[in-house]
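Reviewing the structure listed below.
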Amino acid sequence: MVLAISFFARKSVNKISTFFLGAFYAIFSIYTFQTYVIESGLLLKFSWFYVWPLPLYNLIAAPIFFYFLTLIKDEFVWRWRYLLLFVPFIIGFVDVLIVYAKPQEVYDTIIHNAYLKPGERLAVQYGFFNINQHYAMRFLWQFLALIGLLPLLWDFIKNLLKEKDRKLLFWVISLYVLFILMSILATMFAFEKLLNIDFLRSTGPILRTVNFVFYVVLFIIGIMPIYFPSILYGYPRSNKPKSTSTVTTKDEEELKFGLDVDGLLSRLAEIKESGSFYKQNFDLTSCAKALEIPTHHLSYFLNQQLGLTFSAYRNNVRIEKGKTLITLGYLEKNTMEALAQQCGFANRSSFSKTFKKVTTMNVTEFSSNS
C-alpha cells in the first residue's frame, strides 16, 4: 500500500501509466491483507472485511493491461473493446449484490464457515459463480490480457534494445514475465479444483514446488519496485516519433520523453539557489530526486540541452561560485582549503584541478586578474 501511495503521489513523466501501476498495487495490497486476515484466523474480528472486495479483485487484469499499454503507446485512448476486461468485475459485482440482498443470516453463515474451514471457502456459491470460479476467471482474464499485449510489447522491446535503455528493458520484461507466471500458476490451482483433477496434488513434492514458486513470484512482484527506484519517479515515455520530419530538433527530442525544458532549467536554477550543488555528497541521484525524474532522464537532458555530463555541469556550477567568491575577495581573509569546501570540493587539490580545467587558468592567475 505504501508503494501504491507513492505511485499516486509522485510526479511522473508518464502520469497515466504510473496511476495504473499504483492501482494494481493498491488492489494487490488489499488482497494480500485479506488473505492474512483469513489465514491467521482473524476473520470473525474483521467480519466486514469479506465478500465486498470480490469485484475489486476481479478487476486486477485491467490496471495491469492498461499499465503496459500506456507505457508502450505513450498515451491512453479508450476503445470500447476494452470493456471485455471488465467482464469479471461486472459478474463479481452482481454476485456481491446478490449476497448482500439476502438475509443477514446468510452473510453470517458465509463468514462462520470461512473461519472454521478456510480451505473450503472457495467452494461457496455467491450468486452465478462460486469463489473458486471467480478466482479462475480473474486470472484467466489476466493471462489473456497479457497475451493480447505480446505483439505490442515485442515491438517496444526491440525499440528499447536499439536505445540501449537497459533499466527500462529489464523492468518491463521482468514484470511481464512475473505477471504471466502469476496468472498461469493461479489459473492452474483454480482449474484443478474446478475439474477435480489432482495433477498438482498427485505428489507432495510437486505441490510444494509449485506453491513455493507461486509465493516467490508474488513476493517478487510485491518488492520489485524497491529495486527499481526510477519507477517511483516515472519511467520515460516511449521513444516514438512525434512528427514525420526526418530532422529532429533538441526541443522535439525532449518532448518525445515528456520533459519540460523550461521547467527543468527553472528547477535546476532553484536547486542552485538552495545551495545543494555545494554539498559534497550531492550526486546525480540526489539531483534527479530533487527534480522528481529518473536519473537517466536527467543525464539525457543535460547532454541534449547543454552538451554536458552531470559531473561537468556540477563542476561548472561550483566553479562559478568559486569565481564569484574570489572576485568578492574571499581569499583575502580565508584559505584555499576553505574556498574549496565552500564550493563543494573535498580538498584544495581537487578544487584547483577542476578550476584550471573549467577556466583554463589557475586560481592565482584568476585572482590577480579580478
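In the C-alpha cells, chains take the letters A, B, ... in the order shown, each chain's residues start at 1, and ligands count up from 1 in the order shown.
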Can you list every residue of stretch 112-159 of chain A that has an atom at most 8 Å from stretch 72-96 of chain A, with its nearest atom pair and the distance in Å to one decimal, using only C-alpha atoms, ordered by chain then number, as JSON lines?
{"residue": "A:Tyr126", "atom": "CA", "partner": "A:Asp95", "partner_atom": "CA", "distance": 5.6}
{"residue": "A:Gly127", "atom": "CA", "partner": "A:Asp95", "partner_atom": "CA", "distance": 4.7}
{"residue": "A:Phe128", "atom": "CA", "partner": "A:Asp95", "partner_atom": "CA", "distance": 6.4}
{"residue": "A:Phe129", "atom": "CA", "partner": "A:Asp95", "partner_atom": "CA", "distance": 7.3}
{"residue": "A:His134", "atom": "CA", "partner": "A:Gly92", "partner_atom": "CA", "distance": 7.2}
{"residue": "A:Met137", "atom": "CA", "partner": "A:Pro88", "partner_atom": "CA", "distance": 6.6}
{"residue": "A:Arg138", "atom": "CA", "partner": "A:Pro88", "partner_atom": "CA", "distance": 6.1}
{"residue": "A:Trp141", "atom": "CA", "partner": "A:Leu85", "partner_atom": "CA", "distance": 7.1}
{"residue": "A:Ala145", "atom": "CA", "partner": "A:Leu85", "partner_atom": "CA", "distance": 7.6}
{"residue": "A:Leu152", "atom": "CA", "partner": "A:Ile72", "partner_atom": "CA", "distance": 7.2}
{"residue": "A:Leu153", "atom": "CA", "partner": "A:Ile72", "partner_atom": "CA", "distance": 6.9}
{"residue": "A:Phe156", "atom": "CA", "partner": "A:Ile72", "partner_atom": "CA", "distance": 6.1}
From the DSSP assignment of the backbone, select every residue of stretch 22-214 of chain A that is helix (DSSP H, G or I), and format the answer as number ranges by chain.
A: 22-39, 54-58, 61-73, 80-101, 104-116, 118-123, 131-163, 166-194, 204-214
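Comparing A:Ala136, A:Leu43, A:Ala9, A:Met224 by their smallest distance to A:Leu122, the closest is A:Ala136 (using only C-alpha atoms).
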Within 9 Å of A:Tyr176, counting only C-alpha atoms, which residues qualify if same-chain residues fewer than 5 places away don't, as JSON, numbers by chain?
{"A": [68, 146, 171, 181]}
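The space between atom CA of A:Ile131 and atom CA of A:Gly148 spans 25.7 Å.
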Shortest contact to A:Met336, candidates A:Phe46, A:Phe310, A:Phe212, A:Phe355, atoms counted only C-alpha atoms, goes to A:Phe355
A:Cys287 environment, 9 Å, only C-alpha atoms, sequence neighbours closer than 2 positions dropped, as a PyMOL selection string
chain A and resi 268+271+276-277+282-285+289-293+295+298
Give me, as an NGL selection string, all polymer residues having an atom no more than 10 Å from A:Thr327, counting only C-alpha atoms and skipping those fewer than 6 positions away in the same chain.
:A and (321 or 366-370)
With N, CA and C atoms retained, export the selected residues as a compact mmCIF listing (two decimals), in the first residue's frame.
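New file selection_26.txt:
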# COMPACT_ATOMS: atom_id res chain seq x y z
N LYS A 321 30.64 29.57 -8.54
CA LYS A 321 30.56 30.12 -7.18
C LYS A 321 31.96 30.50 -6.71
N PHE A 366 43.62 33.79 -11.88
CA PHE A 366 42.28 34.39 -11.90
C PHE A 366 42.15 35.45 -10.83
N SER A 367 42.71 35.18 -9.64
CA SER A 367 42.60 36.12 -8.54
C SER A 367 43.33 37.43 -8.86
N SER A 368 44.49 37.31 -9.49
CA SER A 368 45.25 38.52 -9.83
C SER A 368 44.60 39.34 -10.92
N ASN A 369 43.79 38.70 -11.76
CA ASN A 369 43.11 39.41 -12.84
C ASN A 369 41.76 39.96 -12.42
N SER A 370 41.28 39.59 -11.24
CA SER A 370 39.95 40.01 -10.80
C SER A 370 39.97 41.40 -10.19
Tell me, as a PyMOL selection string, which residues lie within 12 Å of A:Ala23, counting only C-alpha atoms; anything in the same chain fewer than 4 positions away does not count.
chain A and resi 1-8+16-19+27-30+56-57+59-67
With C-alpha atoms kept, could you save the residues just selected as a short mmCIF file (atom, residue, chain, number, x, y, z; two decimals), in the first residue's frame?
data_model
loop_
_atom_site.label_atom_id
_atom_site.label_comp_id
_atom_site.auth_asym_id
_atom_site.auth_seq_id
_atom_site.Cartn_x
_atom_site.Cartn_y
_atom_site.Cartn_z
CA MET A 1 0.00 0.00 0.00
CA VAL A 2 2.95 2.30 0.68
CA LEU A 3 4.13 1.63 -2.88
CA ALA A 4 0.66 2.35 -4.24
CA ILE A 5 0.51 5.68 -2.41
CA SER A 6 3.99 6.51 -3.70
CA PHE A 7 2.86 5.97 -7.28
CA PHE A 8 -0.26 8.08 -6.78
CA ILE A 16 -1.27 7.74 -16.62
CA SER A 17 0.84 4.58 -16.67
CA THR A 18 2.09 5.31 -13.15
CA PHE A 19 -1.52 5.68 -11.97
CA ILE A 27 -5.64 -3.95 -5.21
CA PHE A 28 -2.73 -6.32 -4.57
CA SER A 29 -2.20 -4.93 -1.05
CA ILE A 30 -5.89 -5.27 -0.12
CA LEU A 56 -12.17 -5.29 -6.85
CA TYR A 57 -10.05 -8.43 -7.10
CA LEU A 59 -10.66 -6.00 -11.72
CA ILE A 60 -6.95 -6.83 -11.34
CA ALA A 61 -6.39 -7.59 -15.05
CA ALA A 62 -7.42 -4.06 -16.07
CA PRO A 63 -4.68 -1.97 -14.37
CA ILE A 64 -2.03 -4.49 -15.45
CA PHE A 65 -3.19 -4.34 -19.07
CA PHE A 66 -3.55 -0.55 -19.11
CA TYR A 67 -0.16 -0.04 -17.44
#
